[in-house]
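Shown next: data-v4.cif, containing mmCIF, C-alpha atoms.
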data_run
loop_
_atom_site.label_atom_id
_atom_site.label_comp_id
_atom_site.auth_asym_id
_atom_site.auth_seq_id
_atom_site.Cartn_x
_atom_site.Cartn_y
_atom_site.Cartn_z
CA MET Q 59 -5.83 -44.20 -26.78
CA LEU Q 60 -8.96 -46.30 -27.15
CA SER Q 61 -10.67 -43.56 -29.14
CA SER Q 62 -9.75 -45.19 -32.46
CA PHE Q 63 -11.42 -48.41 -31.25
CA ARG Q 64 -14.58 -46.49 -30.38
CA GLN Q 65 -14.50 -44.73 -33.75
CA HIS Q 66 -14.22 -48.12 -35.44
CA ILE Q 67 -17.26 -49.46 -33.58
CA GLU Q 68 -19.18 -46.30 -34.46
CA ARG Q 69 -18.64 -46.89 -38.16
CA TYR Q 70 -21.15 -49.72 -37.67
CA GLN Q 71 -23.33 -48.70 -34.72
CA LYS Q 72 -23.76 -45.64 -32.48
CA ILE Q 73 -22.82 -46.34 -28.85
CA SER Q 74 -23.12 -44.19 -25.72
CA ASP Q 75 -20.29 -43.33 -23.28
CA GLU Q 76 -21.84 -45.76 -20.79
CA GLN Q 77 -21.91 -48.55 -23.35
CA PHE Q 78 -18.28 -47.98 -24.30
CA ASP Q 79 -17.29 -47.98 -20.62
CA ALA Q 80 -19.19 -51.25 -20.19
CA ILE Q 81 -17.23 -53.08 -22.91
CA LYS Q 82 -13.72 -51.77 -22.05
CA PRO Q 83 -13.06 -54.26 -19.20
CA TYR Q 84 -13.29 -57.20 -21.64
CA PHE Q 85 -10.18 -56.00 -23.49
CA GLU Q 86 -6.49 -55.69 -22.56
CA VAL Q 87 -4.11 -53.09 -24.02
CA HIS Q 88 -0.54 -54.12 -24.94
CA SER Q 89 2.48 -52.37 -26.40
CA LEU Q 90 4.80 -54.33 -28.67
CA LYS Q 91 8.30 -53.62 -29.83
CA LYS Q 92 9.16 -54.22 -33.49
CA LYS Q 93 9.74 -57.97 -34.12
CA GLU Q 94 8.25 -58.94 -30.74
CA ASN Q 95 5.89 -61.93 -30.83
CA ILE Q 96 2.59 -61.73 -28.96
CA GLN Q 97 1.47 -65.20 -30.01
CA GLU Q 98 3.63 -68.31 -30.37
CA ALA Q 99 2.87 -71.57 -32.18
CA GLY Q 100 1.77 -74.22 -29.68
CA GLN Q 101 -0.32 -71.78 -27.63
CA ALA Q 102 -3.99 -72.53 -27.02
CA GLN Q 103 -6.61 -70.16 -25.50
CA LEU Q 104 -5.91 -67.49 -28.08
CA TYR Q 105 -6.81 -63.83 -28.43
CA ASN Q 106 -8.31 -61.72 -31.19
CA TYR Q 107 -6.14 -58.63 -31.78
CA PHE Q 108 -7.25 -55.13 -32.82
CA ILE Q 109 -4.47 -52.78 -33.92
CA LEU Q 110 -4.59 -49.27 -32.41
CA GLU Q 111 -1.19 -48.23 -33.78
CA GLY Q 112 1.39 -50.01 -35.94
CA CYS Q 113 1.31 -53.21 -37.93
CA LEU Q 114 1.23 -56.92 -37.06
CA ARG Q 115 1.65 -60.04 -39.14
CA MET Q 116 0.66 -63.65 -38.63
CA TYR Q 117 3.04 -66.32 -39.88
CA THR Q 118 3.59 -70.03 -39.72
CA LEU Q 119 6.60 -72.23 -40.41
CA HIS Q 120 6.81 -74.40 -43.49
CA GLU Q 121 8.18 -77.88 -42.82
CA LYS Q 122 11.48 -76.66 -44.28
CA GLY Q 123 11.58 -74.01 -41.51
CA GLN Q 124 10.78 -71.13 -43.83
CA GLU Q 125 8.42 -68.41 -42.49
CA ILE Q 126 5.17 -68.05 -44.44
CA THR Q 127 3.27 -64.83 -43.69
CA THR Q 128 -0.44 -65.60 -43.88
CA GLU Q 129 -1.86 -62.16 -43.00
CA PHE Q 130 -0.95 -58.57 -42.22
CA ALA Q 131 -3.00 -56.17 -40.08
CA LEU Q 132 -2.69 -52.40 -39.95
CA GLU Q 133 -4.50 -49.85 -37.76
CA SER Q 134 -8.20 -50.71 -37.19
CA TRP Q 135 -7.84 -54.27 -38.45
CA TRP Q 136 -8.54 -57.39 -36.44
CA LEU Q 137 -6.11 -60.33 -36.53
CA CYS Q 138 -6.54 -63.85 -35.20
CA ASP Q 139 -5.98 -67.53 -36.04
CA GLN Q 140 -9.71 -68.05 -36.10
CA LYS Q 141 -9.82 -71.86 -36.23
CA ALA Q 142 -7.67 -72.30 -33.12
CA TYR Q 143 -9.35 -69.31 -31.43
CA LEU Q 144 -12.85 -70.76 -31.87
CA GLY Q 145 -11.86 -74.31 -30.96
CA LYS Q 146 -9.52 -73.22 -28.13
CA SER Q 147 -7.02 -75.57 -29.75
CA GLU Q 148 -3.27 -75.18 -30.31
CA THR Q 149 -2.29 -72.73 -33.02
CA ASP Q 150 0.54 -73.24 -35.52
CA CYS Q 151 0.74 -69.48 -36.10
CA TYR Q 152 2.92 -66.77 -34.61
CA ILE Q 153 1.77 -63.14 -34.38
CA GLN Q 154 4.57 -60.59 -34.58
CA ALA Q 155 4.86 -56.79 -34.57
CA VAL Q 156 6.18 -55.52 -37.91
CA GLU Q 157 6.62 -52.05 -36.29
CA ASN Q 158 6.38 -50.80 -32.69
CA SER Q 159 2.65 -51.30 -32.13
CA ILE Q 160 -0.16 -50.83 -29.64
CA ILE Q 161 -2.97 -53.36 -29.69
CA ILE Q 162 -6.03 -54.36 -27.72
CA ARG Q 163 -6.96 -58.00 -27.44
CA ILE Q 164 -9.83 -60.14 -26.24
CA SER Q 165 -9.79 -63.85 -25.36
CA ARG Q 166 -12.38 -66.25 -26.77
CA ASP Q 167 -13.88 -66.70 -23.26
CA LYS Q 168 -14.17 -62.94 -22.78
CA GLU Q 169 -15.65 -62.53 -26.27
CA GLN Q 170 -18.36 -65.06 -25.43
CA LEU Q 171 -19.05 -63.28 -22.13
CA LEU Q 172 -19.13 -59.91 -23.90
CA ILE Q 173 -21.73 -61.15 -26.40
CA LYS Q 174 -23.87 -62.55 -23.57
CA GLU Q 175 -23.54 -59.70 -21.10
CA GLN Q 176 -23.48 -56.74 -23.51
CA PRO Q 177 -25.71 -57.94 -26.36
CA PHE Q 178 -25.87 -54.46 -27.96
CA ILE Q 179 -22.32 -55.08 -29.28
CA GLN Q 180 -23.42 -58.13 -31.31
CA ILE Q 181 -24.14 -55.87 -34.30
CA TYR Q 182 -20.52 -54.70 -34.44
CA ILE Q 183 -19.09 -58.18 -33.82
CA LEU Q 184 -21.28 -59.73 -36.51
CA GLU Q 185 -20.26 -57.03 -39.01
CA MET Q 186 -16.57 -57.68 -38.21
CA TYR Q 187 -16.93 -61.41 -38.90
CA GLN Q 188 -18.93 -60.81 -42.08
CA LYS Q 189 -16.20 -58.51 -43.38
CA ALA Q 190 -13.38 -60.82 -42.25
CA PHE Q 191 -15.03 -63.73 -44.05
CA ALA Q 192 -15.54 -61.64 -47.21
CA ALA Q 193 -11.87 -60.57 -47.17
CA ALA Q 194 -10.57 -64.12 -46.62
CA GLN Q 195 -12.82 -65.53 -49.35
CA PHE Q 196 -11.72 -62.77 -51.73
CA ARG Q 197 -8.02 -63.51 -51.03
CA ASN Q 198 -8.65 -67.18 -51.77
CA LYS Q 199 -10.13 -66.28 -55.14
CA LEU Q 200 -7.28 -63.90 -55.93
CA PHE Q 201 -4.64 -66.58 -55.27
CA LYS Q 202 -6.58 -69.04 -57.44
CA LEU Q 203 -7.07 -66.64 -60.34
CA TYR Q 204 -3.76 -64.84 -60.57
CA SER Q 205 -0.06 -65.60 -60.48
CA LYS Q 206 1.96 -64.30 -57.54
CA GLU Q 207 3.51 -61.70 -59.83
CA GLU Q 208 0.08 -60.44 -60.93
CA ILE Q 209 -1.08 -60.32 -57.29
CA PHE Q 210 1.92 -58.19 -56.34
CA ILE Q 211 1.24 -55.77 -59.20
CA GLN Q 212 -2.42 -55.40 -58.08
CA PHE Q 213 -1.33 -55.11 -54.45
CA ASN Q 214 1.14 -52.41 -55.33
CA SER Q 215 -1.39 -50.31 -57.20
CA ASN Q 216 -4.24 -50.84 -54.66
CA PHE Q 217 -2.17 -50.40 -51.47
CA PRO Q 218 0.93 -48.32 -52.39
CA GLU Q 219 1.35 -47.03 -48.80
CA PHE Q 220 1.31 -50.56 -47.43
CA VAL Q 221 3.99 -51.68 -49.90
CA GLN Q 222 6.14 -48.68 -48.86
CA ARG Q 223 5.59 -49.35 -45.16
CA VAL Q 224 6.23 -53.10 -44.89
CA PRO Q 225 9.71 -54.60 -45.49
CA GLN Q 226 10.00 -56.22 -48.88
CA TYR Q 227 11.10 -59.62 -47.51
CA LEU Q 228 7.83 -59.84 -45.54
CA ILE Q 229 5.74 -59.06 -48.61
CA ALA Q 230 7.76 -61.77 -50.39
CA SER Q 231 6.98 -64.22 -47.54
CA TYR Q 232 3.27 -63.38 -47.95
CA LEU Q 233 3.27 -63.95 -51.70
CA GLY Q 234 5.45 -67.05 -51.56
CA LEU Q 235 8.23 -65.43 -53.59
CA THR Q 236 11.91 -65.03 -52.78
CA PRO Q 237 12.91 -61.45 -51.84
CA GLU Q 238 15.30 -61.48 -54.80
CA TYR Q 239 12.54 -62.35 -57.26
CA LEU Q 240 10.21 -59.71 -55.78
CA SER Q 241 12.98 -57.17 -56.16
CA GLU Q 242 13.31 -58.12 -59.85
CA ILE Q 243 9.54 -57.65 -60.37
CA ARG Q 244 9.73 -54.18 -58.76
CA LYS Q 245 12.64 -53.22 -60.99
CA LYS Q 246 10.71 -54.33 -64.07
CA MET Q 247 7.65 -52.32 -62.89
CA ILE Q 248 9.73 -49.16 -62.55
CA SER Q 249 11.53 -49.49 -65.88
CA MET H 205 -37.91 -80.73 -45.69
CA LEU H 206 -36.72 -77.84 -43.56
CA SER H 207 -36.03 -80.18 -40.64
CA SER H 208 -32.34 -80.43 -41.52
CA PHE H 209 -32.13 -76.63 -41.39
CA ARG H 210 -33.70 -76.61 -37.95
CA GLN H 211 -31.33 -79.37 -36.80
CA HIS H 212 -28.43 -77.28 -38.03
CA ILE H 213 -29.57 -74.23 -36.05
CA GLU H 214 -30.06 -76.42 -32.98
CA ARG H 215 -26.43 -77.51 -33.08
CA TYR H 216 -25.74 -73.96 -31.92
CA GLN H 217 -28.86 -72.82 -30.04
CA LYS H 218 -32.14 -74.36 -28.90
CA ILE H 219 -35.19 -72.82 -30.61
CA SER H 220 -38.93 -73.33 -30.07
CA ASP H 221 -41.49 -74.30 -32.75
CA GLU H 222 -42.79 -70.71 -32.63
CA GLN H 223 -39.31 -69.30 -33.19
CA PHE H 224 -38.67 -71.62 -36.12
CA ASP H 225 -42.04 -70.64 -37.65
CA ALA H 226 -41.10 -66.98 -37.19
CA ILE H 227 -37.88 -67.25 -39.21
CA LYS H 228 -39.19 -69.46 -42.06
CA PRO H 229 -40.77 -66.60 -44.08
CA TYR H 230 -37.36 -64.95 -44.55
CA PHE H 231 -36.15 -67.91 -46.63
CA GLU H 232 -37.11 -69.33 -50.06
CA VAL H 233 -36.83 -73.00 -51.03
CA HIS H 234 -35.55 -73.94 -54.51
CA SER H 235 -34.94 -77.17 -56.38
CA LEU H 236 -32.07 -77.32 -58.83
CA LYS H 237 -31.27 -79.77 -61.60
CA LYS H 238 -27.69 -80.99 -61.97
CA LYS H 239 -25.58 -78.33 -63.79
CA GLU H 240 -28.28 -75.66 -63.35
CA ASN H 241 -26.98 -72.21 -62.30
CA ILE H 242 -28.78 -70.36 -59.52
CA GLN H 243 -26.43 -67.39 -59.62
CA GLU H 244 -24.83 -65.81 -62.68
CA ALA H 245 -21.86 -63.45 -62.90
CA GLY H 246 -23.08 -59.87 -63.29
CA GLN H 247 -25.95 -60.30 -60.82
CA ALA H 248 -26.20 -57.94 -57.85
CA GLN H 249 -28.53 -58.29 -54.83
CA LEU H 250 -27.27 -61.76 -54.03
CA TYR H 251 -28.44 -64.58 -51.80
CA ASN H 252 -26.78 -66.75 -49.19
CA TYR H 253 -27.50 -70.44 -49.93
CA PHE H 254 -27.96 -73.29 -47.45
CA ILE H 255 -27.90 -76.79 -48.93
CA LEU H 256 -30.70 -79.10 -47.76
CA GLU H 257 -29.89 -81.87 -50.27
CA GLY H 258 -27.20 -82.22 -52.91
CA CYS H 259 -24.06 -80.28 -53.70
CA LEU H 260 -23.34 -76.83 -55.15
CA ARG H 261 -20.18 -75.16 -56.34
CA MET H 262 -19.18 -71.55 -56.86
CA TYR H 263 -16.96 -70.75 -59.82
CA THR H 264 -15.59 -67.82 -61.74
CA LEU H 265 -14.06 -67.46 -65.18
CA HIS H 266 -10.37 -66.89 -65.68
CA GLU H 267 -9.60 -64.26 -68.33
CA LYS H 268 -8.75 -67.17 -70.64
CA GLY H 269 -12.33 -68.39 -70.20
CA GLN H 270 -11.39 -71.36 -68.03
CA GLU H 271 -13.72 -72.17 -65.08
CA ILE H 272 -12.08 -71.85 -61.65
CA THR H 273 -14.07 -73.49 -58.85
CA THR H 274 -13.59 -71.41 -55.71
CA GLU H 275 -15.80 -73.38 -53.28
CA PHE H 276 -17.97 -76.46 -52.89
CA ALA H 277 -20.90 -76.83 -50.51
CA LEU H 278 -22.54 -80.06 -49.39
CA GLU H 279 -25.59 -80.66 -47.16
CA SER H 280 -25.76 -78.23 -44.20
CA TRP H 281 -23.15 -75.85 -45.62
CA TRP H 282 -23.73 -72.21 -46.49
CA LEU H 283 -22.45 -70.80 -49.79
CA CYS H 284 -22.25 -67.18 -50.93
CA ASP H 285 -19.99 -64.65 -52.68
CA GLN H 286 -19.72 -62.72 -49.44
CA LYS H 287 -18.06 -59.53 -50.74
CA ALA H 288 -20.72 -58.89 -53.40
CA TYR H 289 -23.48 -60.08 -51.02
CA LEU H 290 -22.48 -57.61 -48.28
CA GLY H 291 -21.88 -54.71 -50.66
CA LYS H 292 -24.91 -55.51 -52.87
CA SER H 293 -22.47 -55.19 -55.76
CA GLU H 294 -22.09 -57.24 -58.95
CA THR H 295 -20.61 -60.70 -58.48
CA ASP H 296 -18.13 -62.34 -60.84
CA CYS H 297 -19.13 -65.78 -59.51
CA TYR H 298 -21.57 -68.38 -60.75
CA ILE H 299 -23.28 -70.85 -58.40
CA GLN H 300 -24.12 -74.21 -59.98
CA ALA H 301 -25.67 -77.48 -58.82
CA VAL H 302 -23.13 -80.34 -59.00
CA GLU H 303 -26.02 -82.80 -58.39
CA ASN H 304 -29.81 -82.42 -58.30
CA SER H 305 -30.14 -80.27 -55.18
CA ILE H 306 -32.60 -78.58 -52.85
CA ILE H 307 -31.54 -75.35 -51.21
CA ILE H 308 -32.94 -72.53 -49.12
CA ARG H 309 -31.72 -69.01 -49.66
CA ILE H 310 -31.95 -65.61 -48.04
CA SER H 311 -31.25 -62.20 -49.60
CA ARG H 312 -28.99 -59.67 -47.87
CA ASP H 313 -32.00 -57.39 -47.26
CA LYS H 314 -33.97 -60.22 -45.68
CA GLU H 315 -30.95 -61.26 -43.59
CA GLN H 316 -30.71 -57.73 -42.20
CA LEU H 317 -34.45 -57.72 -41.45
CA LEU H 318 -34.20 -61.16 -39.83
CA ILE H 319 -31.42 -59.99 -37.50
CA LYS H 320 -33.42 -56.90 -36.54
CA GLU H 321 -36.84 -58.50 -36.18
CA GLN H 322 -35.82 -61.90 -34.74
CA PRO H 323 -32.76 -61.04 -32.66
CA PHE H 324 -32.70 -64.49 -30.99
CA ILE H 325 -31.23 -65.89 -34.24
CA GLN H 326 -28.13 -63.65 -34.02
CA ILE H 327 -26.33 -66.35 -32.03
CA TYR H 328 -26.67 -68.85 -34.90
CA ILE H 329 -25.82 -66.29 -37.59
CA LEU H 330 -22.74 -65.09 -35.72
CA GLU H 331 -21.54 -68.69 -35.23
CA MET H 332 -22.00 -69.35 -38.97
CA TYR H 333 -19.87 -66.36 -39.93
CA GLN H 334 -17.21 -67.21 -37.36
CA LYS H 335 -16.96 -70.72 -38.78
CA ALA H 336 -17.04 -69.52 -42.39
CA PHE H 337 -14.21 -67.09 -41.66
CA ALA H 338 -12.18 -69.80 -39.90
CA ALA H 339 -12.64 -72.17 -42.86
CA ALA H 340 -11.69 -69.53 -45.46
CA GLN H 341 -8.64 -68.44 -43.46
CA PHE H 342 -7.59 -72.09 -43.05
CA ARG H 343 -7.92 -72.71 -46.83
CA ASN H 344 -5.75 -69.65 -47.49
CA LYS H 345 -3.05 -71.06 -45.24
CA LEU H 346 -3.29 -74.49 -46.84
CA PHE H 347 -2.79 -73.10 -50.35
CA LYS H 348 0.19 -71.04 -49.14
CA LEU H 349 1.87 -73.93 -47.30
CA TYR H 350 1.34 -76.86 -49.63
CA SER H 351 1.56 -77.70 -53.30
CA LYS H 352 -1.65 -78.51 -55.17
CA GLU H 353 -0.62 -82.17 -55.23
CA GLU H 354 -0.13 -82.23 -51.43
CA ILE H 355 -3.49 -80.51 -50.93
CA PHE H 356 -5.22 -83.15 -53.05
CA ILE H 357 -3.60 -85.96 -51.04
CA GLN H 358 -4.77 -84.35 -47.75
CA PHE H 359 -8.21 -83.67 -49.25
CA ASN H 360 -8.49 -87.28 -50.35
CA SER H 361 -7.65 -88.68 -46.93
CA ASN H 362 -9.76 -86.13 -44.96
CA PHE H 363 -12.85 -86.18 -47.22
CA PRO H 364 -12.85 -89.51 -49.12
CA GLU H 365 -16.65 -89.45 -49.62
CA PHE H 366 -16.46 -85.99 -51.14
CA VAL H 367 -13.74 -87.06 -53.58
CA GLN H 368 -15.90 -90.05 -54.59
CA ARG H 369 -19.00 -87.92 -54.97
CA VAL H 370 -17.74 -84.95 -57.00
CA PRO H 371 -16.57 -85.34 -60.63
CA GLN H 372 -12.82 -85.34 -60.92
CA TYR H 373 -12.69 -82.45 -63.43
CA LEU H 374 -14.41 -80.20 -60.86
CA ILE H 375 -11.92 -81.13 -58.14
CA ALA H 376 -9.19 -80.35 -60.68
CA SER H 377 -10.79 -76.94 -61.38
CA TYR H 378 -10.77 -76.27 -57.60
CA LEU H 379 -7.11 -77.18 -57.19
CA GLY H 380 -5.98 -75.43 -60.35
CA LEU H 381 -4.79 -78.67 -61.96
CA THR H 382 -5.69 -80.18 -65.30
CA PRO H 383 -8.01 -83.23 -65.05
CA GLU H 384 -5.28 -85.29 -66.75
CA TYR H 385 -2.70 -84.34 -64.15
CA LEU H 386 -5.12 -85.04 -61.28
CA SER H 387 -5.79 -88.43 -62.80
CA GLU H 388 -2.03 -89.14 -62.82
CA ILE H 389 -1.76 -88.18 -59.12
CA ARG H 390 -4.63 -90.56 -58.27
CA LYS H 391 -2.98 -93.39 -60.20
CA LYS H 392 0.28 -92.80 -58.32
CA MET H 393 -1.62 -92.80 -54.99
CA ILE H 394 -3.22 -96.16 -55.77
CA SER H 395 -0.03 -97.81 -56.98
#

Represent the structure of the file as structure tokens.
Amino acid sequence: MLSSFRQHIERYQKISDEQFDAIKPYFEVHSLKKKENIQEAGQAQLYNYFILEGCLRMYTLHEKGQEITTEFALESWWLCDQKAYLGKSETDCYIQAVENSIIIRISRDKEQLLIKEQPFIQIYILEMYQKAFAAAQFRNKLFKLYSKEEIFIQFNSNFPEFVQRVPQYLIASYLGLTPEYLSEIRKKMIS
Amino acid sequence: MLSSFRQHIERYQKISDEQFDAIKPYFEVHSLKKKENIQEAGQAQLYNYFILEGCLRMYTLHEKGQEITTEFALESWWLCDQKAYLGKSETDCYIQAVENSIIIRISRDKEQLLIKEQPFIQIYILEMYQKAFAAAQFRNKLFKLYSKEEIFIQFNSNFPEFVQRVPQYLIASYLGLTPEYLSEIRKKMIS
């Protein structure tokens, strides 16, 4: 089951069987049912999640109680409220399974131990953070440059499988649109 | 002049004089006049910039030709179009001095060499990327949760010196507001 994790590491650096066995104990495997939360707002001492199978989302509550999805993660993506994770402070974000999912996770303490005790893995970890930063910075730019409607149209043409796979009301909660309005945009796109 | 760079590294890890001397050759120092661009859209083979003195901003052009500021960086901050930097692809971002500034910069090739040849510095580099990712992810959440007006009010109370220091039309171009509208918000806040 961990083979997809090893494959992901090996996209960035070759590792031996012994090295992979050495890093396994730092991670925990969990199965999640659809709509189950693995992180609740108010928790501290967070984990960084890697998706083996399925799809997760991170969301927070607007002061009016409305759910705002801040990120999605599919297979081979990492997901984490990085600010609270680094500072070991309380998060205001929930992490929920969009589908039945299998994940591995690592705590901040274990990540720091891993880096210290198995320094060969630093190359992979650094690459992950560089890519995560690039993706977050790019999303910021996108939301500054384009309207929510334009972002959905781009999203739809760049990630058609994702748009098919994830319920429309969750995509709406990511874009900050009502499900009804998103549905109207889709109708217009088809016609 | 590089002492503030060394101090910044030493917030995260202790380094010796010999180690600091060993990493210096990977970086270049540049002085910039106010409003001078050190990166132009269309450039590839980018640099990552660390501000020793002054203030820089990154901006891109909306299709209507309007400048959209995507990030600011003050003393001891790093600034870079990370996606183009990592992929050595063409950027659509300009980097400009908001004030007369002194910066150091490192190319992606040199960064990769630095990590390989001076592995002790990986701790600092990893911490920088972890923090940059956390900051970008936090900004994404902020822009999803709050209106531009609310973000300016928070910004103003969290970073009053920054708001004093940076011209108002640039803050407006960061928030996606017209300078006139930002001016109205400020008047309301005072009254």

Using all atoms listed in the file, which chain H residues lie at most 9 Å away from chain Q, written as a PDB file with C-alpha atoms, in the coordinates of the input?
ATOM      1  CA  THR H 264     -15.590 -67.820 -61.740  1.00  0.00           C
ATOM      2  CA  LEU H 265     -14.060 -67.460 -65.180  1.00  0.00           C
ATOM      3  CA  HIS H 266     -10.370 -66.890 -65.680  1.00  0.00           C
ATOM      4  CA  GLU H 267      -9.600 -64.260 -68.330  1.00  0.00           C
ATOM      5  CA  ILE H 272     -12.080 -71.850 -61.650  1.00  0.00           C
ATOM      6  CA  THR H 273     -14.070 -73.490 -58.850  1.00  0.00           C
ATOM      7  CA  THR H 274     -13.590 -71.410 -55.710  1.00  0.00           C
ATOM      8  CA  ASP H 285     -19.990 -64.650 -52.680  1.00  0.00           C
ATOM      9  CA  GLN H 286     -19.720 -62.720 -49.440  1.00  0.00           C
ATOM     10  CA  LYS H 287     -18.060 -59.530 -50.740  1.00  0.00           C
ATOM     11  CA  ALA H 288     -20.720 -58.890 -53.400  1.00  0.00           C
ATOM     12  CA  TYR H 289     -23.480 -60.080 -51.020  1.00  0.00           C
ATOM     13  CA  LEU H 290     -22.480 -57.610 -48.280  1.00  0.00           C
ATOM     14  CA  ILE H 319     -31.420 -59.990 -37.500  1.00  0.00           C
ATOM     15  CA  GLN H 326     -28.130 -63.650 -34.020  1.00  0.00           C
ATOM     16  CA  ILE H 327     -26.330 -66.350 -32.030  1.00  0.00           C
ATOM     17  CA  ILE H 329     -25.820 -66.290 -37.590  1.00  0.00           C
ATOM     18  CA  LEU H 330     -22.740 -65.090 -35.720  1.00  0.00           C
ATOM     19  CA  TYR H 333     -19.870 -66.360 -39.930  1.00  0.00           C
ATOM     20  CA  GLN H 334     -17.210 -67.210 -37.360  1.00  0.00           C
ATOM     21  CA  LYS H 335     -16.960 -70.720 -38.780  1.00  0.00           C
ATOM     22  CA  ALA H 336     -17.040 -69.520 -42.390  1.00  0.00           C
ATOM     23  CA  PHE H 337     -14.210 -67.090 -41.660  1.00  0.00           C
ATOM     24  CA  ALA H 338     -12.180 -69.800 -39.900  1.00  0.00           C
ATOM     25  CA  ALA H 339     -12.640 -72.170 -42.860  1.00  0.00           C
ATOM     26  CA  ALA H 340     -11.690 -69.530 -45.460  1.00  0.00           C
ATOM     27  CA  GLN H 341      -8.640 -68.440 -43.460  1.00  0.00           C
ATOM     28  CA  PHE H 342      -7.590 -72.090 -43.050  1.00  0.00           C
ATOM     29  CA  ARG H 343      -7.920 -72.710 -46.830  1.00  0.00           C
ATOM     30  CA  ASN H 344      -5.750 -69.650 -47.490  1.00  0.00           C
ATOM     31  CA  LYS H 345      -3.050 -71.060 -45.240  1.00  0.00           C
ATOM     32  CA  PHE H 347      -2.790 -73.100 -50.350  1.00  0.00           C
ATOM     33  CA  LYS H 348       0.190 -71.040 -49.140  1.00  0.00           C
ATOM     34  CA  LEU H 349       1.870 -73.930 -47.300  1.00  0.00           C
ATOM     35  CA  TYR H 350       1.340 -76.860 -49.630  1.00  0.00           C
ATOM     36  CA  TYR H 378     -10.770 -76.270 -57.600  1.00  0.00           C
ATOM     37  CA  LEU H 379      -7.110 -77.180 -57.190  1.00  0.00           C
ATOM     38  CA  GLY H 380      -5.980 -75.430 -60.350  1.00  0.00           C
TER      39      GLY H 380
END

### Task
Name the residues that the PyMOL selection byres ((chain H and resi 308) around 12) picks from the file above, as number ranges by chain, using the file's chain letters and numbers.
H: 205-210, 228-236, 242, 251-258, 279-283, 305-307, 309-311

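Here atom CA of Q:Pro225 is placed at a distance of 13.5 Å from atom CA of Q:Gln154.
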
### Task
Please write as a list in words the list of polymer residues whose atoms come within 7 Å of (-7.1, -83.2, -55.0), counting all atoms listed in the file and keeping to the coordinates of the file.
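Residues with an atom close enough to that point: Glu353, Ile355, Phe356, Ile357, Phe359, Asn360, Ile375, Ala376, Leu379 and Leu386 of chain H.
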
### Query
In Å to one decimal, how far is atom CA of Q:Glu157 from atom CA of Q:Glu238?
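These atoms are spaced 22.5 Å apart.
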
### Task
Mind checking which residues fall within 10 Å of H:Arg369, counting all atoms listed in the file, ignoring those fewer than 3 positions away in the same chain, and posting them as a list in words?
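Once the adjacent positions are removed, what remains is Cys259, Val302, Glu303, Pro364, Glu365, Phe366 and Gln372 of chain H.
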
## Note on the structure
atom CA of H:Lys218 to atom CA of H:Glu321 measures 18.1 Å

### Task
Excluding Q:Ile179 and any residue of its chain fewer than 5 positions from it, enumerate the residues within 9 Å of it, using all atoms listed in the file, and give them as number ranges by chain.
Q: 67, 71, 73, 77, 81, 172-173, 184

### Residues within 7 Å of Q:Leu114, only C-alpha atoms, excluding chain neighbours under 4 positions, as a VMD selection string
chain Q and resid 130 to 132 153 to 156

### Task
Step by step: start from the point (-0.4, -72.6, -27.6) in the file's coordinates, keep every protein, DNA or RNA residue that has an atom no farther than 10 Å from it, count all atoms listed in the file, and write the set as a PyMOL selection string.
chain Q and resi 97-104+142+146-152

Create the file for the chosen residues now, containing C-alpha atoms and written as a CSV table (one decimal), keeping the file's coordinate frame.
chain,number,residue,atom,x,y,z
Q,97,GLN,CA,1.5,-65.2,-30.0
Q,98,GLU,CA,3.6,-68.3,-30.4
Q,99,ALA,CA,2.9,-71.6,-32.2
Q,100,GLY,CA,1.8,-74.2,-29.7
Q,101,GLN,CA,-0.3,-71.8,-27.6
Q,102,ALA,CA,-4.0,-72.5,-27.0
Q,103,GLN,CA,-6.6,-70.2,-25.5
Q,104,LEU,CA,-5.9,-67.5,-28.1
Q,142,ALA,CA,-7.7,-72.3,-33.1
Q,146,LYS,CA,-9.5,-73.2,-28.1
Q,147,SER,CA,-7.0,-75.6,-29.8
Q,148,GLU,CA,-3.3,-75.2,-30.3
Q,149,THR,CA,-2.3,-72.7,-33.0
Q,150,ASP,CA,0.5,-73.2,-35.5
Q,151,CYS,CA,0.7,-69.5,-36.1
Q,152,TYR,CA,2.9,-66.8,-34.6
